[in-house]
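Shown below: structure_32.txt, with compact mmCIF, C-alpha atoms (C1' of nucleotides).
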# COMPACT_ATOMS: atom_id res chain seq x y z
CA MET A 4 180.27 -63.34 70.70
CA SER A 5 179.13 -63.04 74.26
CA GLU A 6 178.51 -59.67 75.87
CA SER A 7 180.76 -60.53 78.79
CA SER A 8 183.69 -61.20 76.47
CA SER A 9 183.51 -57.66 75.13
CA VAL A 10 183.34 -56.24 78.64
CA LYS A 11 186.30 -58.33 79.78
CA ILE A 12 188.39 -57.47 76.75
CA ASN A 13 187.63 -53.81 77.18
CA HIS A 14 188.74 -54.00 80.79
CA ILE A 15 191.92 -55.88 79.92
CA ILE A 16 192.82 -53.33 77.28
CA SER A 17 192.49 -50.40 79.63
CA LEU A 18 194.55 -52.16 82.34
CA LEU A 19 197.30 -52.85 79.81
CA THR A 20 197.27 -49.25 78.65
CA ASP A 21 197.62 -48.04 82.24
CA HIS A 22 200.43 -50.50 82.85
CA PHE A 23 202.55 -50.00 79.74
CA GLY A 24 201.72 -46.48 78.57
CA GLU A 25 203.09 -45.55 75.17
CA LEU A 26 205.35 -48.12 73.52
CA PRO A 27 207.52 -47.42 70.48
CA TRP A 28 206.49 -50.33 68.34
CA TRP A 29 207.32 -51.44 64.82
CA PRO A 30 208.59 -48.16 63.38
CA GLY A 31 210.05 -48.00 59.88
CA GLN A 32 209.26 -47.26 56.27
CA THR A 33 206.34 -48.90 54.53
CA ASP A 34 208.15 -51.52 52.46
CA GLU A 35 210.45 -52.54 55.28
CA VAL A 36 207.53 -53.07 57.59
CA MET A 37 205.85 -55.30 55.03
CA VAL A 38 209.04 -57.31 54.71
CA GLY A 39 209.33 -57.51 58.49
CA ALA A 40 205.76 -58.76 58.75
CA ILE A 41 206.73 -61.86 56.78
CA LEU A 42 210.10 -62.35 58.42
CA THR A 43 208.64 -62.25 61.92
CA GLN A 44 206.36 -65.21 61.32
CA GLN A 45 207.09 -67.64 64.16
CA THR A 46 210.33 -65.76 64.83
CA ARG A 47 211.83 -63.45 67.46
CA TRP A 48 211.98 -59.81 66.47
CA GLU A 49 215.72 -59.47 67.24
CA ASN A 50 216.48 -61.96 64.47
CA VAL A 51 214.23 -60.07 62.09
CA GLU A 52 216.15 -56.88 62.77
CA ARG A 53 219.40 -58.58 61.91
CA ALA A 54 217.93 -59.79 58.64
CA LEU A 55 216.70 -56.29 57.84
CA VAL A 56 220.23 -54.98 58.33
CA HIS A 57 221.49 -57.60 55.88
CA LEU A 58 218.78 -56.71 53.37
CA ARG A 59 219.56 -53.00 53.63
CA GLY A 60 223.21 -53.80 53.01
CA LYS A 61 222.25 -55.50 49.77
CA GLY A 62 219.78 -52.80 48.79
CA LEU A 63 216.95 -55.34 49.08
CA CYS A 64 214.57 -53.55 51.39
CA SER A 65 212.01 -52.28 48.91
CA LEU A 66 209.43 -54.54 47.27
CA GLU A 67 210.67 -53.38 43.91
CA ALA A 68 214.21 -54.54 44.74
CA ILE A 69 212.94 -57.85 46.09
CA TYR A 70 210.82 -58.30 42.99
CA SER A 71 213.85 -58.16 40.73
CA GLY A 72 216.43 -59.46 43.22
CA GLU A 73 218.21 -62.82 43.18
CA MET A 74 216.50 -65.49 45.25
CA GLN A 75 219.86 -66.65 46.55
CA GLU A 76 220.77 -63.16 47.77
CA ILE A 77 217.47 -62.84 49.59
CA GLU A 78 217.77 -66.25 51.22
CA GLU A 79 221.28 -65.47 52.39
CA ALA A 80 220.20 -62.19 53.96
CA ILE A 81 217.26 -63.63 55.87
CA ARG A 82 218.74 -66.96 56.93
CA CYS A 83 218.93 -65.87 60.56
CA THR A 84 215.14 -65.68 60.78
CA GLY A 85 214.64 -69.39 60.12
CA PHE A 86 212.32 -70.90 57.48
CA TYR A 87 214.44 -68.86 55.12
CA ARG A 88 213.55 -70.70 51.92
CA VAL A 89 209.80 -70.43 52.52
CA LYS A 90 210.12 -66.83 53.60
CA ALA A 91 212.17 -65.84 50.56
CA ARG A 92 209.45 -67.35 48.39
CA ARG A 93 206.81 -65.44 50.37
CA LEU A 94 208.67 -62.15 49.97
CA LYS A 95 208.84 -62.74 46.22
CA SER A 96 205.11 -63.50 46.12
CA LEU A 97 204.26 -60.34 48.05
CA ALA A 98 206.52 -58.21 45.87
CA ALA A 99 205.07 -59.68 42.69
CA HIS A 100 201.53 -59.13 43.95
CA VAL A 101 202.05 -55.51 44.97
CA MET A 102 204.04 -54.59 41.87
CA GLY A 103 201.66 -56.43 39.55
CA GLN A 104 198.37 -55.31 41.07
CA TYR A 105 199.27 -51.81 42.23
CA GLY A 106 202.52 -50.90 40.54
CA GLY A 107 204.15 -50.49 43.95
CA THR A 108 203.24 -49.70 47.54
CA SER A 109 201.96 -46.21 46.80
CA GLY A 110 199.38 -47.65 44.42
CA MET A 111 197.47 -49.15 47.34
CA ALA A 112 196.62 -45.79 48.89
CA ASP A 113 193.10 -45.49 47.50
CA ILE A 114 192.01 -49.08 48.08
CA PRO A 115 189.53 -49.53 50.97
CA THR A 116 190.93 -51.50 53.91
CA GLY A 117 188.57 -54.45 53.61
CA GLN A 118 189.31 -54.88 49.95
CA LEU A 119 193.04 -54.56 50.53
CA ARG A 120 192.86 -57.24 53.21
CA GLU A 121 191.20 -59.68 50.83
CA SER A 122 193.80 -58.82 48.24
CA LEU A 123 196.70 -59.49 50.62
CA LEU A 124 195.17 -62.80 51.70
CA GLU A 125 195.43 -63.99 48.11
CA VAL A 126 199.20 -63.95 48.41
CA SER A 127 200.63 -67.36 49.25
CA GLY A 128 202.32 -67.08 52.64
CA ILE A 129 200.21 -64.21 53.90
CA GLY A 130 197.61 -65.33 56.41
CA GLU A 131 195.33 -63.26 58.62
CA GLU A 132 197.95 -62.10 61.09
CA THR A 133 200.48 -61.05 58.47
CA ALA A 134 197.80 -59.29 56.43
CA ASP A 135 196.63 -57.35 59.48
CA SER A 136 200.21 -56.50 60.46
CA ILE A 137 200.80 -55.04 57.04
CA LEU A 138 197.52 -53.12 57.13
CA CYS A 139 198.03 -51.77 60.64
CA TYR A 140 201.77 -51.13 60.81
CA ALA A 141 202.82 -50.58 57.21
CA LEU A 142 199.72 -48.93 55.79
CA SER A 143 198.30 -47.29 58.95
CA ARG A 144 194.84 -48.82 58.55
CA THR A 145 192.47 -49.80 61.33
CA SER A 146 192.71 -53.58 61.11
CA PHE A 147 193.56 -55.20 64.44
CA VAL A 148 196.32 -57.80 64.62
CA VAL A 149 195.35 -60.89 66.58
CA ASP A 150 198.27 -63.20 67.31
CA ALA A 151 199.17 -66.17 69.48
CA TYR A 152 199.64 -63.91 72.51
CA THR A 153 196.20 -62.37 72.07
CA GLU A 154 194.59 -65.77 71.95
CA ARG A 155 196.61 -67.05 74.91
CA MET A 156 195.78 -64.00 77.00
CA ALA A 157 192.10 -64.27 76.20
CA GLN A 158 191.98 -67.96 77.10
CA CYS A 159 193.84 -67.21 80.30
CA MET A 160 191.19 -64.65 81.27
CA GLY A 161 188.35 -67.01 80.49
CA VAL A 162 187.45 -65.50 77.11
CA ARG A 163 186.87 -68.53 74.92
CA GLU A 164 186.53 -67.00 71.47
CA ARG A 165 189.20 -67.86 68.88
CA ARG A 166 191.14 -65.51 66.66
CA GLY A 167 188.53 -64.43 64.14
CA GLU A 168 185.98 -63.62 66.84
CA LEU A 169 188.60 -61.95 69.02
CA LYS A 170 189.41 -59.59 66.18
CA SER A 171 185.76 -58.55 65.97
CA ILE A 172 185.46 -58.13 69.71
CA ILE A 173 188.59 -56.03 70.02
CA GLU A 174 187.74 -53.87 67.01
CA GLY A 175 184.34 -53.40 68.58
CA VAL A 176 185.68 -51.86 71.77
CA LEU A 177 188.67 -49.88 70.43
CA PRO A 178 188.47 -46.28 69.24
CA LYS A 179 188.65 -46.41 65.45
CA ASP A 180 192.06 -44.88 65.01
CA ASN A 181 195.32 -46.43 63.89
CA TYR A 182 197.22 -45.32 66.99
CA SER A 183 194.93 -47.23 69.34
CA TYR A 184 195.18 -50.32 67.17
CA ARG A 185 198.98 -50.24 67.12
CA GLN A 186 199.36 -49.56 70.80
CA THR A 187 196.90 -52.18 71.93
CA HIS A 188 198.55 -54.93 69.94
CA ALA A 189 201.94 -53.78 71.25
CA HIS A 190 200.62 -53.93 74.81
CA ILE A 191 199.31 -57.44 74.36
CA VAL A 192 202.62 -58.70 73.01
CA GLU A 193 204.62 -57.04 75.77
CA TYR A 194 202.24 -58.50 78.30
CA GLY A 195 202.59 -61.93 76.73
CA LYS A 196 206.36 -61.85 76.67
CA LYS A 197 206.68 -60.69 80.27
CA PHE A 198 203.89 -62.48 82.04
CA CYS A 199 202.64 -65.38 79.99
CA GLY A 200 205.47 -67.85 80.41
CA GLN A 201 203.88 -70.82 82.21
CA LYS A 202 206.01 -70.25 85.27
CA ARG A 203 205.04 -66.62 85.73
CA CYS A 204 201.36 -66.92 85.11
CA SER A 205 200.63 -66.59 88.81
CA GLU A 206 202.24 -63.14 88.84
CA CYS A 207 200.22 -62.03 85.87
CA ILE A 208 199.25 -58.35 86.03
CA LEU A 209 195.71 -59.26 85.00
CA LEU A 210 195.29 -61.76 87.79
CA SER A 211 192.44 -59.73 89.25
CA LEU A 212 190.39 -60.47 86.13
CA LYS A 213 190.53 -64.23 86.41
CA GLY A 214 187.70 -66.31 87.68
C1' DG B 15 219.85 -81.68 74.34
C1' DA B 16 215.05 -80.15 74.73
C1' DC B 17 211.97 -76.55 73.76
C1' DC B 18 210.10 -72.35 71.95
C1' DA B 19 209.69 -68.15 68.88
C1' DG B 20 204.79 -61.72 67.23
C1' DG B 21 202.54 -68.22 61.21
C1' DT B 22 201.12 -70.45 57.08
C1' DC B 23 200.20 -74.26 54.17
C1' DC B 24 199.00 -78.95 53.31
C1' DT B 25 197.30 -83.35 54.63
C1' DT B 26 194.27 -86.33 57.60
C1' DG B 27 190.59 -87.81 60.68
C1' DC C 28 186.45 -77.81 61.27
C1' DA C 29 190.43 -79.54 64.52
C1' DA C 30 194.81 -81.50 64.76
C1' DG C 31 199.45 -82.71 63.27
C1' DG C 32 203.60 -82.12 60.46
C1' DA C 33 206.87 -79.30 57.63
C1' DC C 34 209.48 -75.35 57.21
C1' DA C 35 214.92 -73.84 59.99
C1' DT C 36 217.73 -70.72 62.66
C1' DG C 37 218.94 -68.84 67.19
C1' DG C 38 218.40 -68.15 72.09
C1' DT C 39 217.61 -70.06 76.97
Mind turning this structure into structure tokens?
Amino acid sequence: MSESSSVKINHIISLLTDHFGELPWWPGQTDEVMVGAILTQQTRWENVERALVHLRGKGLCSLEAIYSGEMQEIEEAIRCTGFYRVKARRLKSLAAHVMGQYGGTSGMADIPTGQLRESLLEVSGIGEETADSILCYALSRTSFVVDAYTERMAQCMGVRERRGELKSIIEGVLPKDNYSYRQTHAHIVEYGKKFCGQKRCSECILLSLKG
DNA sequence: GACCAGGTCCTTG
DNA sequence: CAAGGACATGGT
């Protein structure tokens, strides 16, 4: 990674923090956040929230309940998030993995973050972003979530590194605490939603960094 | 009706 | 490795 990329990213992060301040982002209990991490794949958060309401109504919000729940019930509850058949399968895989390997969410407490990440990546349907979302937002670890917005923003500011490298760069400049990790990812997504539509790119709040 | 959304997996070149 | 398609509903 180039030195200038780190400097740029560091600058971007502090501008975003100044602009957005503290954002309430992805609250909730551990298991629900893990479920949400899968449901939000390529999907708007508002639709995920509706699905979570359905799941709560059926008592299907814990991994234990999903593990033993009916596939049909799960599919029905999450239909509004799209890709519902794939996602139901992914939820089952995650539940089976966590129950089988750790006996439940609480069993993961003593596993080091890096090891847990590798473990999550073994689950079919959990890629890098979902694994990091679970680590950061469900398990309060310091593993930064790089998503499409992060990559888009970086490209837009002339930082050419792709996702894997971006993760290293960002983790390299952030204070090593979970709060900073959560907030920074939240800032990037808010920035992306508000300013990264093609039409609005000229009004981008980071315009001063371009060039 | 076209196009996109806080991805991941599988197949091809 | 990069690129393209499949998975699917809901909002603009």
### Task
Select residues of chain A: the criterion is any atom within 6 Å of an atom of chain B, counting all atoms listed in the file; output as a ChimeraX atom specification.
/A:44-47,128
Can I get the residues of chain A within 12 Å of chain C, each with the closest pair of atoms and their distance in Å to one decimal, using only C-alpha atoms (C1' of nucleotides), sorted chain first then ascending number, as CSV?
residue,atom,partner,partner_atom,distance
A:Gln44,CA,C:DC34,C1',11.4
A:Gln45,CA,C:DC34,C1',10.7
A:Thr46,CA,C:DT36,C1',9.2
A:Arg47,CA,C:DG37,C1',8.9
A:Trp48,CA,C:DG37,C1',11.4
A:Glu49,CA,C:DG37,C1',9.9
A:Asn50,CA,C:DG37,C1',7.8
A:Val51,CA,C:DG37,C1',11.2
A:Arg53,CA,C:DG37,C1',11.5
A:Ala54,CA,C:DT36,C1',11.6
A:Glu78,CA,C:DA35,C1',11.9
A:Ile81,CA,C:DT36,C1',9.8
A:Arg82,CA,C:DT36,C1',6.9
A:Cys83,CA,C:DT36,C1',5.4
A:Thr84,CA,C:DT36,C1',6.0
A:Gly85,CA,C:DT36,C1',4.2
A:Phe86,CA,C:DA35,C1',4.7
A:Tyr87,CA,C:DA35,C1',7.0
A:Arg88,CA,C:DC34,C1',8.1
A:Val89,CA,C:DC34,C1',6.8
A:Lys90,CA,C:DC34,C1',9.3
A:Ala91,CA,C:DC34,C1',11.9
A:Arg92,CA,C:DC34,C1',11.9
A:Gly128,CA,C:DC34,C1',11.9
### Residue with smallest distance to His190 (chain A) - pool A:Leu19, A:Leu97, A:Val10, A:Cys139, counting all atoms listed in the file
A:Leu19
### Task
Have a look at A:Leu169, A:Val101, A:Ala68, A:Ile137 and name the one nearest to Ala151 (chain A); count all atoms listed in the file.
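Among A:Leu169, A:Val101, A:Ala68, A:Ile137, it is A:Leu169 that comes nearest to Ala151 (chain A).
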### Query
How many Å lie between CA of Glu73 (chain A) and CA of Ala40 (chain A), rounded to one decimal?
20.3 Å
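Nearest to Met111 (chain A) of all the residues A:Leu124, A:Leu138, A:Val36, A:Ile129 is A:Leu138, based on all atoms listed in the file.
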## Note on the structure
re CA of Ser127 (chain A) and CA of Lys61 (chain A): distance 24.7 Å
Need the axis-aligned box for chain C with 8 Å each side, so what are the centre and edges in Å to one decimal, as JSON?
{"center_x": 202.7, "center_y": -75.4, "center_z": 67.1, "size_x": 48.5, "size_y": 30.6, "size_z": 35.8}
### Task
List the neighbours of Ser9 (chain A) out to 10 Å using all atoms listed in the file; skip same-chain residues closer than 2 positions along the sequence, and give me the result as a ChimeraX atom specification.
/A:4-7,11-15,162,169,171-176
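The coordinates place CA of Gly31 (chain A) at 8.1 Å from CA of Ala141 (chain A).
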